[in-house]
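Q: Quick one: structure below, then a few questions.
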Amino acid sequence: MTPPTSSLRTFGQPHSYPGKLIIVEGIDGSGKSTQLLLLQKWLESQGHNVFFTEWNSSDLVKETTKKGKKSKSLTPTTFSLLHATDFASRLYHSILPPLKAGMIVLADRYAYTAFARDAVRGVSRSWVRKLYSFSIQPDLAFYFKVPIDTAIARLLGGTRGQFKYYEAGMDMGISQDVTESFRVFQSRILSEYDKIVDEYGLTVMDATREIEEQQDDMRAVVTKALEHYKPKRGGYGKRTAVFWRRFGVSKPE
Ligand SMILES: Nc1ncnc2c1ncn2[C@@H]1O[C@H](COP(=O)(O)OP(=O)(O)OP(=O)(O)O)[C@@H](O)[C@H]1O
Ligand SMILES: [Mg+2]
């Protein structure tokens with residue numbers, strides 16, 4: 001694991017909310033969701049109020065993205081802007097309210113995903129970084145580093161089946177073979193992530209290891225990051241409930 005140093009670039013605003021924002025990054029099949037879910041269960045077992053949000057999941061743009069993907073009509077720029085809209089919507093409706101209420105927010109992918117994928121699709125790196133400047137800096141950002149072949153083996157061995165058109169980068173005309181296209185596209189994303197890790201000082205996890213080993217490390221890093229965090233325990237307090245109502249967000253189960 002590489003600890004962040006002070007000479008790193010930042011993007012977005014540093015936040016001073018009472019909550020904590022923890023995010024995970026990595027290529028498809030690196031094991032992000034597996035680790036974040038385990039972390040969520042553990043944090044909840046410790047009595048923390050946790051809110052989970054994932055990339056590309058806002059109701060606002062879901063239908064448009066689906067339509068664009070189905071008709072294969074997304075260009076690198078429209079794709080990038082749709083993801084940024086999704087992100088903005090979730091930031092204001094799903095990330096900031098719980099942070100203001102003192103909760104721990106877990107995000108499965110963050111703006112770094114856009115930095116990596118959009119750059120590979122040929123979108124200007126500085127343009128994407130400026131696009132996300134409304135964002136806030138996470139308190140902790142994990143990067144799950146894994147070789148491409150390990151990721152492919154995991155995905156094909158799991159319940160995923162065949163890769164999807166855009167996840168395999170088929171829009172880039174790399175190869176007619178979907179697995180080959182996935183390999184080339186995701187390899188390019190891997191090299192882009194390598195630069196992003198150095199640029200922003202993400203905490204690198206060796207994602208080739210056993211699930212439990214990685215989880216132990218992740219919990220140790222999170223425990224340290226939460227050292228000065230004043231948790232709000234015991235369900236949703238009055239203040240938290242007011243936040244959910246004010247932002248029109250359903251209270252998580
Ligand atoms: N350390 C590990 N060792 C072996 N298999 C793993 C490990 N971590 C996760 N897996 C398996 O690999 C597959 C992909 O894991 P997961 O869904 O967590 O990846 P992901 O990074 O979230 O992928 P995506 O970006 O596509 O959502 C799953 O079937 C999961 O059970
Ligand atoms: Mg996932």
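Labels for the structure tokens follow display order: chains A, B, ..., residues from 1 in each chain, ligands from 1.
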Restrict the calculation to only C-alpha atoms and all ligand atoms, then for each residue of chain A with any atom at most 7 Å from an atom of ligand 2 give the closest atom pair and their distance in Å to one decimal, rows by chain and rising residue number, as JSON lines.
A:
```
{"residue": "A:Asp28", "atom": "CA", "partner": "ligand 2", "partner_atom_place_in_ligand_line": "1 (Mg)", "distance": 6.8}
{"residue": "A:Gly31", "atom": "CA", "partner": "ligand 2", "partner_atom_place_in_ligand_line": "1 (Mg)", "distance": 6.9}
{"residue": "A:Lys32", "atom": "CA", "partner": "ligand 2", "partner_atom_place_in_ligand_line": "1 (Mg)", "distance": 5.7}
{"residue": "A:Ser33", "atom": "CA", "partner": "ligand 2", "partner_atom_place_in_ligand_line": "1 (Mg)", "distance": 4.2}
{"residue": "A:Asp108", "atom": "CA", "partner": "ligand 2", "partner_atom_place_in_ligand_line": "1 (Mg)", "distance": 6.9}
```
Q: Now that the selection is made, can you save its residues with C-alpha atoms as a PDB file, in the first residue's frame?
A:
```pdb
ATOM      1  CA  ASP A  28     -13.636  -4.359 -14.200  1.00  0.00           C
ATOM      2  CA  GLY A  31     -12.705  -7.053  -6.948  1.00  0.00           C
ATOM      3  CA  LYS A  32     -13.814  -3.539  -5.911  1.00  0.00           C
ATOM      4  CA  SER A  33     -17.453  -4.374  -5.219  1.00  0.00           C
ATOM      5  CA  ASP A 108     -18.102   2.112  -5.898  1.00  0.00           C
TER       6      ASP A 108
END
```
Q: Output as JSON lines one row per residue of chain A within 7 Å of ligand 1: the closest atom pair and its distance in Å to one decimal place, counting only C-alpha atoms and all ligand atoms, sorted by chain and residue number ascending.
A:
```
{"residue": "A:Gly26", "atom": "CA", "partner": "ligand 1", "partner_atom_place_in_ligand_line": "21 (O)", "distance": 6.1}
{"residue": "A:Ile27", "atom": "CA", "partner": "ligand 1", "partner_atom_place_in_ligand_line": "25 (O)", "distance": 5.7}
{"residue": "A:Asp28", "atom": "CA", "partner": "ligand 1", "partner_atom_place_in_ligand_line": "25 (O)", "distance": 3.3}
{"residue": "A:Gly29", "atom": "CA", "partner": "ligand 1", "partner_atom_place_in_ligand_line": "23 (O)", "distance": 3.7}
{"residue": "A:Ser30", "atom": "CA", "partner": "ligand 1", "partner_atom_place_in_ligand_line": "21 (O)", "distance": 3.9}
{"residue": "A:Gly31", "atom": "CA", "partner": "ligand 1", "partner_atom_place_in_ligand_line": "18 (O)", "distance": 3.3}
{"residue": "A:Lys32", "atom": "CA", "partner": "ligand 1", "partner_atom_place_in_ligand_line": "21 (O)", "distance": 3.9}
{"residue": "A:Ser33", "atom": "CA", "partner": "ligand 1", "partner_atom_place_in_ligand_line": "22 (O)", "distance": 3.7}
{"residue": "A:Thr34", "atom": "CA", "partner": "ligand 1", "partner_atom_place_in_ligand_line": "18 (O)", "distance": 3.7}
{"residue": "A:Gln35", "atom": "CA", "partner": "ligand 1", "partner_atom_place_in_ligand_line": "18 (O)", "distance": 6.5}
{"residue": "A:Arg154", "atom": "CA", "partner": "ligand 1", "partner_atom_place_in_ligand_line": "12 (O)", "distance": 4.3}
{"residue": "A:Leu155", "atom": "CA", "partner": "ligand 1", "partner_atom_place_in_ligand_line": "13 (C)", "distance": 5.2}
{"residue": "A:Gly157", "atom": "CA", "partner": "ligand 1", "partner_atom_place_in_ligand_line": "29 (O)", "distance": 6.9}
{"residue": "A:Gly158", "atom": "CA", "partner": "ligand 1", "partner_atom_place_in_ligand_line": "29 (O)", "distance": 4.2}
{"residue": "A:Thr159", "atom": "CA", "partner": "ligand 1", "partner_atom_place_in_ligand_line": "29 (O)", "distance": 6.6}
{"residue": "A:Ala207", "atom": "CA", "partner": "ligand 1", "partner_atom_place_in_ligand_line": "1 (N)", "distance": 5.9}
{"residue": "A:Thr208", "atom": "CA", "partner": "ligand 1", "partner_atom_place_in_ligand_line": "1 (N)", "distance": 5.7}
{"residue": "A:Arg209", "atom": "CA", "partner": "ligand 1", "partner_atom_place_in_ligand_line": "1 (N)", "distance": 5.2}
{"residue": "A:Glu210", "atom": "CA", "partner": "ligand 1", "partner_atom_place_in_ligand_line": "1 (N)", "distance": 4.4}
{"residue": "A:Ile211", "atom": "CA", "partner": "ligand 1", "partner_atom_place_in_ligand_line": "1 (N)", "distance": 4.0}
```
Q: Let me see the file: selected residues, C-alpha atoms, as an mmCIF file, in the first residue's frame.
A:
```
data_model
loop_
_atom_site.group_PDB
_atom_site.id
_atom_site.type_symbol
_atom_site.label_atom_id
_atom_site.label_comp_id
_atom_site.auth_asym_id
_atom_site.auth_seq_id
_atom_site.Cartn_x
_atom_site.Cartn_y
_atom_site.Cartn_z
ATOM 1 C CA GLY A 26 -9.924 -0.371 -10.410
ATOM 2 C CA ILE A 27 -10.615 -2.095 -13.734
ATOM 3 C CA ASP A 28 -13.636 -4.359 -14.200
ATOM 4 C CA GLY A 29 -13.112 -7.596 -12.292
ATOM 5 C CA SER A 30 -10.485 -6.189 -9.922
ATOM 6 C CA GLY A 31 -12.705 -7.053 -6.948
ATOM 7 C CA LYS A 32 -13.814 -3.539 -5.911
ATOM 8 C CA SER A 33 -17.453 -4.374 -5.219
ATOM 9 C CA THR A 34 -16.532 -7.549 -3.335
ATOM 10 C CA GLN A 35 -14.250 -5.571 -1.007
ATOM 11 C CA ARG A 154 -12.517 -13.703 -12.684
ATOM 12 C CA LEU A 155 -15.180 -12.137 -14.857
ATOM 13 C CA GLY A 157 -15.433 -17.514 -14.336
ATOM 14 C CA GLY A 158 -18.166 -15.647 -12.460
ATOM 15 C CA THR A 159 -21.803 -15.091 -13.271
ATOM 16 C CA ALA A 207 -5.847 -7.079 -5.708
ATOM 17 C CA THR A 208 -4.363 -10.451 -6.732
ATOM 18 C CA ARG A 209 -4.433 -11.628 -3.126
ATOM 19 C CA GLU A 210 -7.119 -13.588 -1.300
ATOM 20 C CA ILE A 211 -10.357 -11.734 -0.581
#
```
Q: What lies within 9 Å of segment 129-136 of chain A using only C-alpha atoms, ignoring chain neighbours under 3 positions off, as a list of chain:residue names?
A: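 So, after excluding close chain neighbours, the residues are A:Phe11, A:Gly12, A:Gln13, A:Pro14, A:His15, A:Leu81, A:Ala84, A:Phe87, A:Ala88, A:Leu91, A:Ala111, A:Tyr112, A:Ala114, A:Phe115, A:Ser124, A:Arg125, A:Ser126.
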Q: Could I get the residues of segment 27-132 of chain A with an atom no further than 7 Å from an atom of segment 175-197 of chain A, each paired with its nearest atom pair and that distance in Å to one decimal, using only C-alpha atoms, sorted by chain and residue number, as CSV?
A:
```
residue,atom,partner,partner_atom,distance
A:Ile27,CA,A:Gln186,CA,6.7
A:Ala116,CA,A:Glu192,CA,5.3
A:Arg117,CA,A:Ile189,CA,6.0
A:Val120,CA,A:Ile189,CA,6.3
```
Q: If you run DSSP on the backbone here, which positions in segment 70-225 of chain A get strand (DSSP E or B)? Please write them as a PyMOL selection string.
A: chain A and resi 104-108+136+140-145+203-206
Q: What's the 7 Å shell around segment 70-77 of chain A, counting only C-alpha atoms, without same-chain residues fewer than 5 positions away, as number ranges by chain?
A: A: 118, 121, 123
Q: Per residue of segment 101-164 of chain A within 7 Å of segment 50-61 of chain A, record the nearest atom pair and its distance in Å to one decimal, counting only C-alpha atoms, with rows in chain order and ascending residue number, as CSV.
A:
```
residue,atom,partner,partner_atom,distance
A:Met103,CA,A:Val50,CA,5.8
A:Ile104,CA,A:Val50,CA,4.8
A:Val105,CA,A:Phe51,CA,4.8
A:Leu106,CA,A:Phe52,CA,4.8
A:Ala107,CA,A:Thr53,CA,4.9
A:Asp108,CA,A:Glu54,CA,4.5
A:Arg109,CA,A:Trp55,CA,5.6
A:Tyr110,CA,A:Trp55,CA,6.8
```
Q: Create the file for the chosen residues now, containing N, CA and C atoms and written as a short mmCIF file (atom, residue, chain, number, x, y, z; two decimals), in the first residue's frame.
A:
```cif
data_model
loop_
_atom_site.label_atom_id
_atom_site.label_comp_id
_atom_site.auth_asym_id
_atom_site.auth_seq_id
_atom_site.Cartn_x
_atom_site.Cartn_y
_atom_site.Cartn_z
N MET A 103 -22.62 10.65 8.15
CA MET A 103 -22.55 9.21 7.84
C MET A 103 -21.26 8.88 7.07
N ILE A 104 -20.99 7.59 6.94
CA ILE A 104 -19.89 7.14 6.09
C ILE A 104 -20.47 6.79 4.72
N VAL A 105 -19.95 7.44 3.69
CA VAL A 105 -20.43 7.17 2.34
C VAL A 105 -19.40 6.31 1.62
N LEU A 106 -19.87 5.20 1.06
CA LEU A 106 -19.00 4.30 0.30
C LEU A 106 -19.37 4.43 -1.17
N ALA A 107 -18.40 4.80 -2.02
CA ALA A 107 -18.69 4.95 -3.44
C ALA A 107 -17.92 3.93 -4.26
N ASP A 108 -18.68 3.11 -5.01
CA ASP A 108 -18.10 2.11 -5.90
C ASP A 108 -17.80 2.82 -7.22
N ARG A 109 -16.57 3.24 -7.41
CA ARG A 109 -16.06 4.09 -8.48
C ARG A 109 -16.35 5.55 -8.18
N TYR A 110 -15.42 6.40 -8.61
CA TYR A 110 -15.54 7.84 -8.39
C TYR A 110 -15.06 8.54 -9.66
#
```
Q: Taking the DSSP secondary structure from the backbone, can you list the residues of segment 97-177 of chain A that are alpha helix (DSSP H), as a ChimeraX atom specification?
A: /A:97-100,111-120,125-131,148-157
Q: Rounded to one decimal, what separation in Å do you get between atom CA of Leu226 of chain A and atom CA of Leu36 of chain A?
A: 15.9 Å
Q: Measuring between only C-alpha atoms, which one of A:Ile23, A:Val204, A:Ala101, A:Leu37 shows the shortest distance to Lys145 of chain A?
A: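 Of A:Ile23, A:Val204, A:Ala101, A:Leu37, the one nearest Lys145 of chain A is A:Val204, counting only C-alpha atoms.
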Q: Go ahead and compute the interatomic distance for atom CA of Gly173 of chain A and atom CA of His83 of chain A, in Å to one decimal.
A: 21.2 Å
Q: Report as a list in words all protein, DNA and RNA residues lying within 12 Å of Tyr17 of chain A, evaluated on only C-alpha atoms, omitting residues in the same chain fewer than 5 positions from it.
A: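 After dropping sequence-adjacent residues, the list is Ile95, Leu96, Pro97, Pro98, Leu99, Lys100, Ala101, Gly102, Met103, Ile104, Val105, Ile136, Gln137, Pro138, Asp139, Tyr229 and Lys230 of chain A.
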Q: Using Å and a single decimal, report how far atom CA of Pro231 of chain A sits from atom CA of Gln46 of chain A.
A: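 One can read the atom CA of Gln46 of chain A to atom CA of Pro231 of chain A distance as 10.1 Å.
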Q: Which residue out of A:Ser45, A:Phe163, A:Phe142, A:Thr64 has the minimum interatomic distance to Val222 of chain A when only C-alpha atoms are used?
A: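 Nearest to Val222 of chain A: A:Phe142.
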Q: Kindly indicate which residue among A:Lys20, A:Ala141, A:Thr150, A:Leu8 lies nearest to Asn49 of chain A, using only C-alpha atoms for the distances.
A: A:Lys20
